[in-house]
Every structure is written in structure tokens, then in C-alpha cells.
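Shown next, in C-alpha cells, is the structure this report addresses.
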Amino acid sequence: MAQQDAQNGVSENAAAVSFVAVKPQLFVEAPKANDAVLFYKAAFGAEEVGRTLNSKRKAEQELPLILSAELKIGGSSVLVSDLVEDSTSQAKTGGNGVVLCLETEDVEGAIAKAVSAGAVAEGDVVEGEGACCGGRVGKMKDPYGFVWQICSPGKKSADVEA
């Protein structure tokens with residue numbers, strides 16, 4: 001069993017990290033994330049369960065941009081975000097346009113475990129407004145080019161409207 005675990009990238013010294021969800025994040029050209037949320041509600045019966053807004057906005061913007069709106073479709077969650085000019089997302093920087101979010105209480109532990117398995121950490125763990133999920137978030141890229149955001153659960157916004 002230990003030999004099979006080693007072949008699958010599991011080391012005996014790896015700390016146990018548990019995840020509660022994987023959430024695909026869809027980037028929409030700003031400021032159309034709200035329109036996308038309305039579409040997913042109408043088309044798929046999505047339920048909006050949380051929204052994190054970017055508190056910084058340009059003078060010509062009527063509404064703040066959406067860092068992430070969490071939608072439940074069936075038993076799954078999807079994040080919808082505005083893609084802005086100064087974004088560092090893969091969709092903007094020439095990657096594959098897909099970001100996968102894993103939710104856990106141990107952001108640093110999860111990133112360390114992924115790095116030890118061959119991923120590359122990108123940037124620092126960010127807390128608060130800069131975090132897509134509203135909690136703490138760190139980013140890493142797997143050996144196949146996919147970006148993963150490891151985030152802690154954030155506070156749910158009580159004023160969800162769309």
C-alpha cells in the first residue's frame with residue numbers, strides 16, 4: 001500500500017488536509033458577471049448563496065465589480081467573477097481560462113502539500129477583500145498548467161441581490 005501511495009504522490013510525511021468542496025470559477029468580461037448570474041438563474045435554476053464585491057472601482061462604474069458570486073446548481077457550486085484589466089487570473093494571462101477553487105480551513109497546509117507533490121505556489125496567501133471567496137486564499141499551478149485557488153470559507157454576504 002505504501003508503494004502505491006508513493007506512486008500516487010502521497011508521502012508518509014504528508015499532513016492530512018481535508019477539503020469540503022471544489023468550485024469551478026468562471027471569469028466573465030467585466031462588468032458582465034451580474035448578467036451571467038441572472039442568466040444562470042434563469043437558464044439553470046441557479047440559487048445565489050454568496051457574493052463578494054470589489055470595494056475598489058473606477059469613477060465611471062455604477063456598481064462595484066464582482067470578485068465572486070457563488071451559485072448552487074443542483075448539488076454543486078460554481079463561482080462567477082468579473083474579469084478586469086488588471087486581473088492576474090489565468091484567463092487574462094494566457095492560461096486555460098479555468099480556475100478551480102478548493103475550500104479548506106488549512107490554506108497553508110494544502111498549498112504546502114500540493115507543492116510537495118509538484119505544484120508551484122503563486123504569490124502569497126491573501127485575506128479579506130483580495131480573496132475571491134471572502135476568506136483567505138492562496139494560489140498554485142499544477143504540473144499540467146491548471147490554476148488552483150485554495151481558500152478558506154468566507155463570511156456569507158447577507159445582502160445578496162441580483
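Chain labels follow the order of the C-alpha cells: the first chain is A, the next B, and so on; residue numbering restarts at 1 in every chain, and ligands are counted from 1 in their shown order.
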
### Message
List as a VMD selection string the protein and nucleic acid residues near stretch 19-24 of chain A, meaning an atom at most 10 Å away when only C-alpha atoms are counted, but skip any in the same chain fewer than 5 places from it.
### Response
chain A and resid 70 to 71 76 to 80 98 to 107 110 148 to 153

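Shortest separation to A:Lys139 among A:Ser116, A:Ile111, A:Ala36, A:Gly154 occurs at residue A:Ile111, atoms counted being only C-alpha atoms.
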
Would you pick out the contacts of A:Ala112 at 12 Å or less, using only C-alpha atoms, so that residues sharing its chain but fewer than 5 positions from it are not included, and give the list as an mmCIF file with all heavy atoms, in the first residue's frame?
```cif
data_model
loop_
_atom_site.group_PDB
_atom_site.id
_atom_site.type_symbol
_atom_site.label_atom_id
_atom_site.label_comp_id
_atom_site.auth_asym_id
_atom_site.auth_seq_id
_atom_site.Cartn_x
_atom_site.Cartn_y
_atom_site.Cartn_z
ATOM 1 N N ASN A 13 4.993 11.355 5.134
ATOM 2 C CA ASN A 13 5.117 12.537 5.984
ATOM 3 C C ASN A 13 4.088 13.614 5.661
ATOM 4 O O ASN A 13 4.044 14.635 6.318
ATOM 5 C CB ASN A 13 6.521 13.134 5.842
ATOM 6 C CG ASN A 13 7.592 12.171 6.280
ATOM 7 O OD1 ASN A 13 7.362 11.326 7.141
ATOM 8 N ND2 ASN A 13 8.766 12.280 5.687
ATOM 9 N N ALA A 14 3.265 13.398 4.627
ATOM 10 C CA ALA A 14 2.305 14.420 4.220
ATOM 11 C C ALA A 14 1.244 14.615 5.298
ATOM 12 O O ALA A 14 0.684 13.669 5.818
ATOM 13 C CB ALA A 14 1.631 14.026 2.908
ATOM 14 N N ALA A 15 0.995 15.878 5.616
ATOM 15 C CA ALA A 15 -0.025 16.196 6.620
ATOM 16 C C ALA A 15 -1.406 15.957 6.026
ATOM 17 O O ALA A 15 -1.624 16.141 4.836
ATOM 18 C CB ALA A 15 0.113 17.654 7.038
ATOM 19 N N ALA A 16 -2.331 15.557 6.855
ATOM 20 C CA ALA A 16 -3.694 15.336 6.396
ATOM 21 C C ALA A 16 -4.389 16.683 6.214
ATOM 22 O O ALA A 16 -4.455 17.490 7.131
ATOM 23 C CB ALA A 16 -4.452 14.488 7.404
ATOM 24 N N VAL A 17 -4.887 16.917 5.024
ATOM 25 C CA VAL A 17 -5.633 18.121 4.720
ATOM 26 C C VAL A 17 -6.960 17.656 4.153
ATOM 27 O O VAL A 17 -6.993 16.818 3.261
ATOM 28 C CB VAL A 17 -4.908 19.003 3.682
ATOM 29 C CG1 VAL A 17 -5.765 20.190 3.285
ATOM 30 C CG2 VAL A 17 -3.564 19.471 4.196
ATOM 31 N N ASP A 106 -7.354 24.870 6.239
ATOM 32 C CA ASP A 106 -5.887 24.897 6.314
ATOM 33 C C ASP A 106 -5.285 25.267 4.951
ATOM 34 O O ASP A 106 -4.778 24.415 4.228
ATOM 35 C CB ASP A 106 -5.371 23.534 6.781
ATOM 36 C CG ASP A 106 -3.863 23.515 7.018
ATOM 37 O OD1 ASP A 106 -3.223 24.585 6.932
ATOM 38 O OD2 ASP A 106 -3.336 22.422 7.287
ATOM 39 N N VAL A 107 -5.365 26.543 4.606
ATOM 40 C CA VAL A 107 -4.892 27.021 3.304
ATOM 41 C C VAL A 107 -3.396 26.747 3.128
ATOM 42 O O VAL A 107 -2.967 26.179 2.121
ATOM 43 C CB VAL A 107 -5.207 28.521 3.122
ATOM 44 C CG1 VAL A 107 -4.598 29.063 1.843
ATOM 45 C CG2 VAL A 107 -6.718 28.744 3.147
ATOM 46 N N ALA A 117 3.962 17.833 -3.858
ATOM 47 C CA ALA A 117 3.586 16.854 -4.878
ATOM 48 C C ALA A 117 3.931 17.325 -6.285
ATOM 49 O O ALA A 117 3.726 16.591 -7.246
ATOM 50 C CB ALA A 117 2.094 16.554 -4.788
ATOM 51 N N GLY A 118 4.456 18.566 -6.426
ATOM 52 C CA GLY A 118 4.894 19.035 -7.736
ATOM 53 C C GLY A 118 4.252 20.311 -8.234
ATOM 54 O O GLY A 118 4.584 20.792 -9.315
ATOM 55 N N ALA A 119 3.339 20.898 -7.486
ATOM 56 C CA ALA A 119 2.727 22.163 -7.891
ATOM 57 C C ALA A 119 3.687 23.313 -7.604
ATOM 58 O O ALA A 119 4.674 23.154 -6.885
ATOM 59 C CB ALA A 119 1.419 22.384 -7.131
ATOM 60 N N VAL A 120 3.381 24.478 -8.156
ATOM 61 C CA VAL A 120 4.179 25.679 -7.926
ATOM 62 C C VAL A 120 3.269 26.733 -7.307
ATOM 63 O O VAL A 120 2.245 27.095 -7.891
ATOM 64 C CB VAL A 120 4.774 26.211 -9.251
ATOM 65 C CG1 VAL A 120 5.520 27.517 -9.028
ATOM 66 C CG2 VAL A 120 5.669 25.177 -9.892
ATOM 67 N N ALA A 121 3.634 27.205 -6.113
ATOM 68 C CA ALA A 121 2.844 28.249 -5.443
ATOM 69 C C ALA A 121 2.997 29.549 -6.216
ATOM 70 O O ALA A 121 4.062 29.862 -6.740
ATOM 71 C CB ALA A 121 3.320 28.431 -4.007
ATOM 72 N N GLU A 122 1.909 30.317 -6.292
ATOM 73 C CA GLU A 122 1.925 31.605 -6.985
ATOM 74 C C GLU A 122 1.481 32.692 -6.022
ATOM 75 O O GLU A 122 0.324 32.741 -5.632
ATOM 76 C CB GLU A 122 0.999 31.572 -8.200
ATOM 77 C CG GLU A 122 1.440 30.597 -9.269
ATOM 78 C CD GLU A 122 0.605 30.713 -10.534
ATOM 79 O OE1 GLU A 122 -0.515 31.244 -10.489
ATOM 80 O OE2 GLU A 122 1.089 30.246 -11.569
ATOM 81 N N VAL A 125 -0.549 34.119 0.349
ATOM 82 C CA VAL A 125 -1.920 33.920 0.808
ATOM 83 C C VAL A 125 -2.485 35.301 1.125
ATOM 84 O O VAL A 125 -1.845 36.102 1.799
ATOM 85 C CB VAL A 125 -1.972 32.997 2.043
ATOM 86 C CG1 VAL A 125 -3.371 32.936 2.619
ATOM 87 C CG2 VAL A 125 -1.476 31.598 1.679
ATOM 88 N N GLY A 138 -4.940 31.271 -1.328
ATOM 89 C CA GLY A 138 -3.617 31.138 -1.918
ATOM 90 C C GLY A 138 -3.788 30.479 -3.272
ATOM 91 O O GLY A 138 -4.789 29.812 -3.541
ATOM 92 N N LYS A 139 -2.814 30.673 -4.132
ATOM 93 C CA LYS A 139 -2.932 30.171 -5.494
ATOM 94 C C LYS A 139 -1.729 29.322 -5.835
ATOM 95 O O LYS A 139 -0.611 29.626 -5.422
ATOM 96 C CB LYS A 139 -3.016 31.358 -6.447
ATOM 97 C CG LYS A 139 -3.482 31.006 -7.836
ATOM 98 C CD LYS A 139 -3.456 32.165 -8.816
ATOM 99 C CE LYS A 139 -4.087 33.420 -8.345
ATOM 100 N NZ LYS A 139 -4.099 34.480 -9.375
ATOM 101 N N MET A 140 -1.965 28.262 -6.598
ATOM 102 C CA MET A 140 -0.864 27.448 -7.090
ATOM 103 C C MET A 140 -1.241 26.875 -8.448
ATOM 104 O O MET A 140 -2.408 26.809 -8.802
ATOM 105 C CB MET A 140 -0.489 26.367 -6.083
ATOM 106 C CG MET A 140 -1.579 25.441 -5.671
ATOM 107 S SD MET A 140 -1.400 23.950 -6.608
ATOM 108 C CE MET A 140 -2.902 23.125 -6.228
ATOM 109 N N ILE A 150 -6.735 27.840 -3.329
ATOM 110 C CA ILE A 150 -7.046 27.152 -2.087
ATOM 111 C C ILE A 150 -7.574 28.223 -1.149
ATOM 112 O O ILE A 150 -6.855 29.174 -0.817
ATOM 113 C CB ILE A 150 -5.796 26.471 -1.484
ATOM 114 C CG1 ILE A 150 -5.030 25.662 -2.539
ATOM 115 C CG2 ILE A 150 -6.183 25.631 -0.277
ATOM 116 C CD1 ILE A 150 -5.774 24.502 -3.135
#
```

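Nearest-residue note for A:Asn34: choosing from A:Gly75, A:Ala69, A:Phe146, A:Ala46, the minimum distance belongs to A:Ala69, counting only C-alpha atoms.
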